[in-house]
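Quick look at data-v4.txt (compact mmCIF, C-alpha atoms and all ligand atoms):
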```txt
# COMPACT_ATOMS: atom_id res chain seq x y z
CA MET A 24 104.93 106.72 132.80
CA MET A 25 106.61 103.66 134.34
CA ARG A 26 108.37 101.52 131.82
CA GLN A 27 110.42 98.40 132.37
CA LYS A 28 112.32 96.02 130.22
CA LEU A 29 110.03 93.09 129.40
CA ASP A 30 111.01 89.68 130.78
CA SER A 31 110.19 87.84 127.60
CA PRO A 32 110.99 89.30 124.22
CA VAL A 33 108.32 90.66 121.91
CA ALA A 34 109.17 89.87 118.29
CA VAL A 35 107.91 91.73 115.26
CA THR A 36 105.63 88.79 114.50
CA ARG A 37 104.46 85.49 115.92
CA SER A 38 102.96 82.65 113.90
CA SER A 39 99.26 82.00 114.29
CA LEU A 40 98.46 78.45 115.34
CA PRO A 41 95.13 76.60 115.39
CA PRO A 42 94.15 74.71 118.57
CA LEU A 43 96.52 71.71 118.69
CA GLU A 44 93.66 69.14 118.76
CA GLU A 45 92.31 70.58 115.55
CA TYR A 46 95.57 69.96 113.73
CA VAL A 47 96.04 66.52 115.32
CA ASP A 48 92.56 65.51 114.13
CA MET A 49 93.59 66.48 110.62
CA LEU A 50 96.66 64.23 110.85
CA LYS A 51 94.81 61.01 111.68
CA PRO A 52 93.60 60.30 108.10
CA LEU A 53 97.20 60.73 106.92
CA TRP A 54 98.27 57.83 109.15
CA GLU A 55 95.53 55.73 107.59
CA SER A 56 96.18 56.56 103.95
CA ALA A 57 99.97 57.01 104.30
CA TRP A 58 99.64 59.55 101.41
CA LEU A 59 101.90 62.32 102.64
CA THR A 60 102.67 64.41 99.58
CA ASN A 61 102.22 64.57 95.78
CA MET A 62 98.85 66.29 95.51
CA GLY A 63 96.87 64.37 98.15
CA ASP A 64 93.34 65.00 99.44
CA TYR A 65 94.24 67.94 101.68
CA HIS A 66 96.21 69.51 98.86
CA GLU A 67 93.10 69.39 96.66
CA GLN A 68 90.76 70.64 99.40
CA PHE A 69 93.11 73.47 100.26
CA LYS A 70 93.35 74.48 96.63
CA GLU A 71 89.56 74.61 96.20
CA GLN A 72 89.04 76.62 99.39
CA LEU A 73 91.74 79.09 98.39
CA LYS A 74 90.18 79.66 94.96
CA GLU A 75 86.97 80.58 96.71
CA TYR A 76 88.62 82.77 99.33
CA LEU A 77 90.76 84.58 96.77
CA MET A 78 87.91 84.76 94.23
CA ILE A 79 90.06 83.40 91.41
CA PRO A 80 89.24 80.57 88.96
CA GLU A 81 92.71 79.01 88.78
CA LEU A 82 95.33 78.35 91.44
CA GLU A 83 98.29 76.03 91.91
CA LEU A 84 99.90 75.31 95.28
CA PHE A 85 103.65 75.25 95.93
CA VAL A 86 106.05 74.26 98.69
CA ASN A 87 106.77 77.93 99.36
CA GLY A 88 106.12 81.36 97.89
CA HIS A 89 109.53 81.71 96.36
CA MET A 90 109.19 78.50 94.29
CA ALA A 91 105.73 79.69 93.27
CA LEU A 92 107.17 82.95 91.92
CA GLU A 93 110.20 81.35 90.31
CA LEU A 94 108.12 78.74 88.49
CA ALA A 95 105.41 81.24 87.51
CA LEU A 96 108.07 83.31 85.75
CA GLN A 97 109.38 80.17 84.05
CA ALA A 98 105.87 79.14 82.96
CA LEU A 99 105.39 82.46 81.16
CA ASP A 100 108.47 81.92 78.96
CA LEU A 101 109.85 85.40 79.55
CA LYS A 102 112.97 86.77 77.90
CA GLY A 103 115.37 89.66 78.40
CA GLU A 104 114.56 92.30 81.01
CA VAL A 105 112.01 92.35 83.81
CA ILE A 106 111.16 95.56 85.62
CA THR A 107 110.81 95.27 89.38
CA THR A 108 111.21 97.12 92.67
CA PRO A 109 114.31 97.15 94.88
CA PHE A 110 112.06 97.68 97.91
CA SER A 111 111.03 94.10 98.61
CA PHE A 112 112.21 90.82 100.06
CA ALA A 113 115.19 89.07 98.39
CA SER A 114 112.86 86.53 96.81
CA THR A 115 111.36 88.95 94.26
CA THR A 116 114.60 89.75 92.42
CA HIS A 117 116.18 86.33 93.02
CA ALA A 118 113.25 84.67 91.23
CA ILE A 119 113.92 86.85 88.18
CA VAL A 120 117.68 86.25 88.16
CA ARG A 121 117.35 82.51 88.74
CA ASN A 122 115.27 82.38 85.54
CA GLY A 123 118.18 83.82 83.57
CA LEU A 124 116.36 87.16 83.23
CA THR A 125 117.79 90.62 83.87
CA PRO A 126 116.11 92.67 86.59
CA VAL A 127 115.72 96.40 85.89
CA PHE A 128 114.97 98.38 89.01
CA CYS A 129 112.32 101.09 88.99
CA ASP A 130 111.91 103.36 92.01
CA ILE A 131 108.93 103.29 94.38
CA ASN A 132 106.51 106.10 95.11
CA PRO A 133 107.00 107.89 98.45
CA VAL A 134 103.38 107.44 99.56
CA ASP A 135 102.67 103.71 99.70
CA TYR A 136 106.13 102.40 98.66
CA THR A 137 104.88 100.36 95.69
CA LEU A 138 106.42 100.56 92.20
CA ASP A 139 106.11 104.15 90.91
CA ALA A 140 103.76 103.97 87.92
CA GLU A 141 104.97 107.43 86.79
CA GLN A 142 108.51 106.16 86.27
CA LEU A 143 107.69 102.75 84.93
CA GLU A 144 107.57 103.67 81.23
CA SER A 145 111.02 105.26 81.36
CA ARG A 146 112.45 101.83 82.30
CA ILE A 147 110.93 99.95 79.37
CA THR A 148 113.27 98.96 76.52
CA GLU A 149 112.92 96.68 73.50
CA ARG A 150 114.13 93.83 75.69
CA THR A 151 111.49 94.23 78.41
CA SER A 152 109.13 91.27 78.67
CA ALA A 153 107.45 91.68 82.04
CA ILE A 154 106.83 93.72 85.19
CA VAL A 155 107.05 92.23 88.69
CA PRO A 156 105.46 94.72 91.10
CA VAL A 157 105.02 94.03 94.81
CA HIS A 158 101.98 94.91 96.95
CA VAL A 159 104.32 96.09 99.71
CA TYR A 160 102.92 95.74 103.27
CA GLY A 161 99.61 94.86 101.59
CA ASN A 162 99.44 98.34 100.00
CA LEU A 163 97.95 97.62 96.60
CA CYS A 164 99.93 98.78 93.58
CA ASP A 165 98.33 101.14 91.09
CA VAL A 166 96.92 98.10 89.29
CA GLU A 167 95.03 100.14 86.69
CA ARG A 168 98.14 102.01 85.52
CA MET A 169 100.17 98.79 85.52
CA GLU A 170 97.56 97.19 83.30
CA GLN A 171 97.45 100.15 80.90
CA ILE A 172 101.21 100.20 80.50
CA ALA A 173 101.43 96.42 80.20
CA ARG A 174 98.84 96.43 77.44
CA LYS A 175 100.51 99.27 75.55
CA TYR A 176 103.91 97.50 75.50
CA HIS A 177 102.67 93.87 75.46
CA LEU A 178 104.22 93.02 78.81
CA LYS A 179 103.24 90.33 81.30
CA VAL A 180 102.46 91.44 84.86
CA ILE A 181 103.38 89.07 87.67
CA TYR A 182 102.43 90.42 91.08
CA ASP A 183 104.39 89.46 94.16
CA ALA A 184 101.29 89.41 96.36
CA ALA A 185 103.06 87.75 99.31
CA HIS A 186 101.80 90.58 101.56
CA ALA A 187 98.30 90.88 100.10
CA PHE A 188 96.58 87.59 100.91
CA GLY A 189 92.81 87.95 100.80
CA GLU A 190 92.81 91.66 100.03
CA THR A 191 90.30 93.21 97.67
CA LEU A 192 90.02 96.35 95.55
CA ASP A 193 86.47 97.59 94.92
CA GLY A 194 85.33 94.15 96.08
CA ARG A 195 87.46 92.31 93.51
CA GLY A 196 90.09 89.83 94.69
CA VAL A 197 93.60 91.19 94.35
CA ALA A 198 94.62 88.17 92.23
CA GLU A 199 92.26 89.35 89.48
CA PHE A 200 94.84 91.93 88.46
CA GLY A 201 97.80 91.09 86.24
CA ASP A 202 98.54 87.78 84.53
CA VAL A 203 99.48 85.94 87.71
CA SER A 204 99.81 86.69 91.43
CA MET A 205 102.06 84.88 93.86
CA PHE A 206 101.01 84.40 97.49
CA SER A 207 103.27 83.21 100.30
CA PHE A 208 102.01 81.08 103.19
CA HIS A 209 105.21 81.29 105.20
CA ALA A 210 104.86 80.98 108.97
CA THR A 211 105.47 84.71 109.44
CA LYS A 212 102.71 85.79 107.05
CA VAL A 213 99.20 86.83 108.02
CA PHE A 214 97.97 83.45 106.75
CA HIS A 215 100.26 80.43 106.63
CA SER A 216 100.69 76.71 105.97
CA ILE A 217 104.04 76.53 107.86
CA GLU A 218 105.80 77.03 104.52
CA GLY A 219 103.78 77.29 101.37
CA GLY A 220 102.76 79.38 98.42
CA ALA A 221 100.38 79.68 95.52
CA VAL A 222 100.14 81.09 92.03
CA ALA A 223 96.71 82.49 91.17
CA PHE A 224 95.76 83.16 87.56
CA ARG A 225 92.91 83.07 85.03
CA GLU A 226 94.54 81.64 81.87
CA LYS A 227 93.63 77.92 81.84
CA ALA A 228 96.65 76.92 79.75
CA LEU A 229 98.95 77.86 82.63
CA ARG A 230 97.48 75.21 84.92
CA GLN A 231 99.13 72.20 83.29
CA ARG A 232 102.42 74.02 82.79
CA LEU A 233 102.69 75.06 86.45
CA TYR A 234 101.71 71.59 87.60
CA GLU A 235 104.43 70.02 85.49
CA LEU A 236 107.08 72.56 86.43
CA LYS A 237 106.60 71.94 90.15
CA ASN A 238 106.89 68.20 89.51
CA PHE A 239 110.32 68.03 87.81
CA GLY A 240 108.90 68.78 84.36
CA ILE A 241 107.41 65.29 84.23
CA THR A 242 104.70 65.26 81.58
CA GLY A 243 103.81 61.55 81.51
CA TYR A 244 104.80 58.17 82.96
CA GLU A 245 107.79 57.97 80.68
CA SER A 246 108.34 61.54 79.54
CA VAL A 247 110.03 64.61 80.97
CA GLU A 248 109.67 67.62 78.71
CA TYR A 249 110.88 70.52 80.86
CA VAL A 250 113.70 71.27 83.26
CA GLY A 251 111.33 71.54 86.22
CA ALA A 252 111.88 71.76 89.95
CA ASN A 253 110.42 70.08 93.01
CA GLY A 254 107.88 72.63 94.23
CA LYS A 255 105.12 70.41 95.61
CA MET A 256 103.21 71.25 98.78
CA ASN A 257 102.89 68.30 101.17
CA GLU A 258 99.82 67.16 103.13
CA PHE A 259 101.04 68.46 106.51
CA GLN A 260 101.35 71.93 105.04
CA ALA A 261 97.92 71.73 103.38
CA ALA A 262 96.39 70.50 106.67
CA MET A 263 97.84 73.49 108.52
CA GLY A 264 96.56 75.80 105.80
CA LEU A 265 93.05 74.32 106.04
CA CYS A 266 93.04 74.77 109.85
CA ASN A 267 94.34 78.31 109.70
CA LEU A 268 91.85 79.30 107.02
CA ARG A 269 89.00 78.50 109.45
CA HIS A 270 90.34 81.05 111.94
CA LEU A 271 91.62 83.69 109.56
CA LYS A 272 88.73 86.14 109.81
CA GLY A 273 89.13 86.38 113.58
CA GLU A 274 92.91 86.75 113.31
CA ILE A 275 92.59 89.62 110.84
CA ALA A 276 89.95 91.33 113.00
CA LYS A 277 92.32 91.21 115.99
CA ARG A 278 95.14 92.64 113.90
CA GLU A 279 92.92 95.42 112.62
CA LYS A 280 92.15 96.51 116.19
CA LEU A 281 95.86 96.67 117.01
CA VAL A 282 96.63 98.62 113.84
CA ARG A 283 93.87 101.11 114.71
CA ARG A 284 95.42 101.53 118.14
CA TYR A 285 98.88 102.16 116.66
CA ARG A 286 97.46 104.62 114.16
CA GLU A 287 95.49 106.53 116.76
CA ARG A 288 98.57 107.00 118.89
CA LEU A 289 101.09 107.75 116.14
CA SER A 290 99.20 109.64 113.44
CA GLY A 291 99.49 113.39 113.29
CA THR A 292 102.94 113.37 114.89
CA GLU A 293 105.43 115.65 113.14
CA GLY A 294 108.08 113.53 111.39
CA ILE A 295 106.17 110.24 111.64
CA ARG A 296 104.58 108.93 108.46
CA LEU A 297 102.01 106.15 108.25
CA CYS A 298 100.71 104.60 105.03
CA PRO A 299 97.48 106.21 103.83
CA GLU A 300 94.38 104.04 104.07
CA ASN A 301 92.92 103.08 100.71
CA PRO A 302 89.12 103.48 100.88
CA ARG A 303 88.70 101.15 97.88
CA ALA A 304 90.59 98.27 99.52
CA ARG A 305 89.88 95.62 102.12
CA MET A 306 93.22 95.16 103.87
CA ASN A 307 94.66 92.19 105.77
CA TYR A 308 96.64 94.17 108.39
CA ALA A 309 99.77 92.10 107.87
CA TYR A 310 102.29 94.80 108.84
CA MET A 311 102.60 98.04 110.75
CA PRO A 312 105.23 100.09 108.88
CA VAL A 313 106.21 103.50 110.23
CA VAL A 314 108.52 105.94 108.44
CA PHE A 315 110.57 108.37 110.51
CA ASP A 316 111.28 111.35 108.29
CA GLY A 317 112.64 114.35 110.15
CA TYR A 318 111.44 113.00 113.49
CA LYS A 319 113.32 113.97 116.68
CA LYS A 320 114.88 110.49 116.72
CA ASP A 321 115.91 108.50 113.66
CA ARG A 322 114.88 104.98 112.73
CA ASP A 323 118.02 103.30 114.06
CA GLU A 324 117.77 105.08 117.42
CA ILE A 325 114.16 103.98 117.83
CA PHE A 326 115.03 100.44 116.80
CA LYS A 327 117.74 100.35 119.49
CA GLU A 328 115.59 101.96 122.16
CA LEU A 329 112.80 99.44 121.61
CA ALA A 330 115.33 96.61 121.79
CA GLU A 331 116.47 97.90 125.19
CA TYR A 332 112.94 97.17 126.41
CA ASN A 333 113.13 93.70 124.77
CA ILE A 334 110.82 94.76 121.94
CA HIS A 335 112.16 93.79 118.55
CA ALA A 336 110.88 95.75 115.59
CA ARG A 337 112.25 95.02 112.13
CA LYS A 338 114.00 97.11 109.50
CA TYR A 339 111.83 95.76 106.73
CA PHE A 340 113.00 96.25 103.99
CA TYR A 341 116.58 97.22 104.66
CA PRO A 342 118.87 97.14 102.79
CA CYS A 343 117.38 97.65 99.32
CA ILE A 344 117.84 94.69 96.99
CA ASN A 345 120.00 96.69 94.55
CA SER A 346 122.57 97.20 97.30
CA TYR A 347 122.88 93.51 98.30
CA ALA A 348 126.40 92.12 98.00
CA CYS A 349 125.22 89.84 95.18
CA TYR A 350 123.79 92.73 93.12
CA ARG A 351 125.72 95.88 93.93
CA GLU A 352 128.38 95.27 91.27
CA GLN A 353 125.75 95.68 88.56
CA TYR A 354 123.36 98.10 90.26
CA ASP A 355 123.46 101.28 92.28
CA GLU A 356 121.03 102.12 95.03
CA ARG A 357 121.32 105.80 94.08
CA GLU A 358 119.35 105.04 90.91
CA THR A 359 116.30 104.43 93.11
CA PRO A 360 116.60 107.26 95.65
CA VAL A 361 113.13 106.96 97.16
CA ALA A 362 113.60 103.26 97.91
CA ALA A 363 117.07 103.97 99.30
CA GLN A 364 115.71 106.66 101.60
CA ILE A 365 112.64 104.77 102.81
CA SER A 366 114.74 101.69 103.56
CA ARG A 367 116.75 103.84 106.00
CA GLN A 368 113.67 105.40 107.60
CA VAL A 369 111.19 102.56 107.89
CA LEU A 370 110.53 100.30 110.84
CA THR A 371 107.82 97.64 111.03
CA LEU A 372 106.43 97.48 114.54
CA PRO A 373 105.36 94.29 116.37
CA LEU A 374 102.04 93.05 115.06
CA TYR A 375 100.32 89.67 115.43
CA ALA A 376 96.84 88.59 116.40
CA ASP A 377 97.58 87.83 120.05
CA LEU A 378 99.79 90.83 120.73
CA GLU A 379 98.63 92.51 123.93
CA PRO A 380 97.21 96.01 123.37
CA GLU A 381 99.36 97.14 126.34
CA ILE A 382 102.46 96.30 124.30
CA VAL A 383 101.17 98.49 121.47
CA ASP A 384 100.79 101.31 123.98
CA MET A 385 104.25 100.69 125.35
CA VAL A 386 105.80 100.76 121.86
CA CYS A 387 104.01 104.05 121.14
CA ASP A 388 105.10 105.53 124.48
CA ILE A 389 108.72 104.66 123.76
CA ILE A 390 108.57 106.13 120.26
CA LEU A 391 106.78 109.29 121.37
C1 LIG A 401 107.62 86.12 102.12
C2 LIG A 401 107.88 86.79 100.84
C3 LIG A 401 108.28 86.08 99.70
C4 LIG A 401 108.69 84.63 99.69
O1 LIG A 401 107.83 83.76 100.24
P1 LIG A 401 108.32 82.40 100.93
O2 LIG A 401 107.03 81.68 101.10
O3 LIG A 401 109.00 82.73 102.21
O4 LIG A 401 109.20 81.69 99.96
C5 LIG A 401 108.39 86.77 98.50
N1 LIG A 401 108.16 88.09 98.44
C6 LIG A 401 107.80 88.81 99.51
C7 LIG A 401 107.54 90.27 99.35
C8 LIG A 401 107.67 88.19 100.75
O5 LIG A 401 107.37 88.93 101.83
```
Turn the structure described in the file into structure tokens.
Ligand SMILES: *Cc1c(COP(=O)(O)O)cnc(C)c1O
Amino acid sequence: MMRQKLDSPVAVTRSSLPPLEEYVDMLKPLWESAWLTNMGDYHEQFKEQLKEYLMIPELELFVNGHMALELALQALDLKGEVITTPFSFASTTHAIVRNGLTPVFCDINPVDYTLDAEQLESRITERTSAIVPVHVYGNLCDVERMEQIARKYHLKVIYDAAHAFGETLDGRGVAEFGDVSMFSFHATKVFHSIEGGAVAFREKALRQRLYELKNFGITGYESVEYVGANGKMNEFQAAMGLCNLRHLKGEIAKREKLVRRYRERLSGTEGIRLCPENPRARMNYAYMPVVFDGYKKDRDEIFKELAEYNIHARKYFYPCINSYACYREQYDERETPVAAQISRQVLTLPLYADLEPEIVDMVCDIIL
């Protein structure tokens, strides 16, 4: 088959954008009201629509997903140790550490790369106050086991659901599981508001606390009761979120088609592992991770070969968090061998709604 280096680069992702006029129309009322941030009309509309979409009674918006997670942890008044996964984005562990808490890393399972429920109990000590699992690549954690263990040891469960926007399990919204779930609306995510994030929860008492924490801890005109942060989402972000929400179904459907095409071409190949499909879940097709385990070429070779054709896959997640320069003094990647191994074998392939199917074929041809 003829293959040539592409003239313009193909990145691992590309932000979805609504038609420009649609966004511009949304901006006009902002020029009239001159209310640009601090919980304006779009902020409130966006919040209500998200509650409906995510099927969750309570939700607070934030300037980004990381602030959402950091302030959610603060709102829960956690102490001591928090069990989490080293196979995630920097944000997950940073949010724990920046709250003065001690992360304890538990390994992932080798099937869907989420926190290994079998090993979780062995990491619990008297100081453990919470678990922060991640729905990696949109693969849903074993939420039932997490809940059982959390109940037995009186632990809070805070899901990093940055990859799982709009997903369901047995028809229930993913945010129904655990005490709180954090979503990220960063430009590279399947659904975005340029930058943005949300905390979804059921416990009403958390609403006020989260609201105050994202607004400097201000509790009244003349009172500041907490050391809060500035985590407010502005009106331009909310407007982008509202526009993108209108088109989301179509975007996900396009992604699903591309994922099916990848899977058809790559599945059943010796040494290539794809994530199993969960028949109980509705997925959002945010990522296309492939693990090369005993394949004729290793991950780094394939990464390089694709780059030679101007196709830029991503080593996501590599390296593991417990081997970052800022953590490796206290932690050792060898304590989580599955995460360490997968991080060296995994590649996420280009995937976004408007990716040409021919590029998918080309990527598969190069790999195969
Ligand atoms: C994107 C992401 C975050 C952080 O979200 P931002 O909105 O970029 O702050 C946290 N965790 C995971 C797993 C992510 O992918």
- [ ] Give me, please, the distance in Å between atom CA of Pro299 of chain A and atom CA of Lys338 of chain A, quoted to one decimal.
- [x]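 Interatomic distance here is 19.7 Å.
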Interatomic distance (Å, one decimal) between atom CA of Ile241 of chain A and atom CA of Ser152 of chain A: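 Atom CA of Ile241 of chain A sits 26.6 Å away from atom CA of Ser152 of chain A.
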Discussion item. Can you pull out every residue with an atom within 8 Å of ligand LIG 401 (chain A)? Use all atoms listed in the file and format it as an MDAnalysis selection string.
Written reply: chainID A and resid 86:92 111:115 157:159 183:186 206:209 211:212 218:220
Self-check item: Nearest candidate to Thr292 of chain A (options A:Arg337, A:His270, A:Lys319, A:Arg232; using only C-alpha atoms)
Solution: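 Closest to Thr292 of chain A of all the choices is A:Lys319.
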Across A:Pro32, A:Gly161, A:Gly251, A:Gly196, the smallest distance to Asp135 of chain A, with only C-alpha atoms counted, is shown by A:Gly161
query: Which one is closest to His215 of chain A: A:Gly273, A:Pro41, A:Pro360, A:Pro109? Count all atoms listed in the file.
result: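 For His215 of chain A, the nearest of the candidates is A:Pro41.
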ask   = Skipping near chain neighbours, those fewer than 3 positions away, what residues fall within 7 Å of segment 375-389 of chain A using only C-alpha atoms, listed as a list in words?
value =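 Result of the neighbour search: Thr36, Arg37, Glu274, Lys277, Arg278, Leu281, Tyr285, Arg288, Leu289 and Leu329 of chain A.
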Hey, can you pull every residue with an atom no more than 9 Å from (106.8, 66.3, 102.5), using only C-alpha atoms, and send it as number ranges by chain? A: 59-61, 86, 255-260
> With only C-alpha atoms as the basis for distance, which of A:Met311, A:Gln231, A:Pro52, A:Gly189 is at the shortest distance from Gly243 of chain A?
Replying inline: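 Distance minimum relative to Gly243 of chain A lands on A:Gln231.
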task: List the neighbours of Leu271 of chain A out to 7 Å using all atoms listed in the file; skip same-chain residues closer than 4 positions along the sequence, and give me the result as number ranges by chain.
output: A: 214, 267, 275
Residues within 12 Å of (113.3, 103.4, 79.7), counting all atoms listed in the file, listed as JSON, numbers by chain: {"A": [104, 105, 106, 127, 128, 129, 141, 142, 143, 144, 145, 146, 147, 148, 149, 150, 151, 176]}
Tell me which of A:Leu82, A:Ile181, A:Ala330, A:Arg195 sits closest to Ile119 of chain A, counting all atoms listed in the file.
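Ranked by minimum distance to Ile119 of chain A, first place goes to A:Ile181.
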* Asked: Using all atoms listed in the file, which residues sit within 12 Å of Asp30 of chain A once same-chain residues fewer than 5 positions away are excluded, as number ranges by chain?
  -> A: 331-334
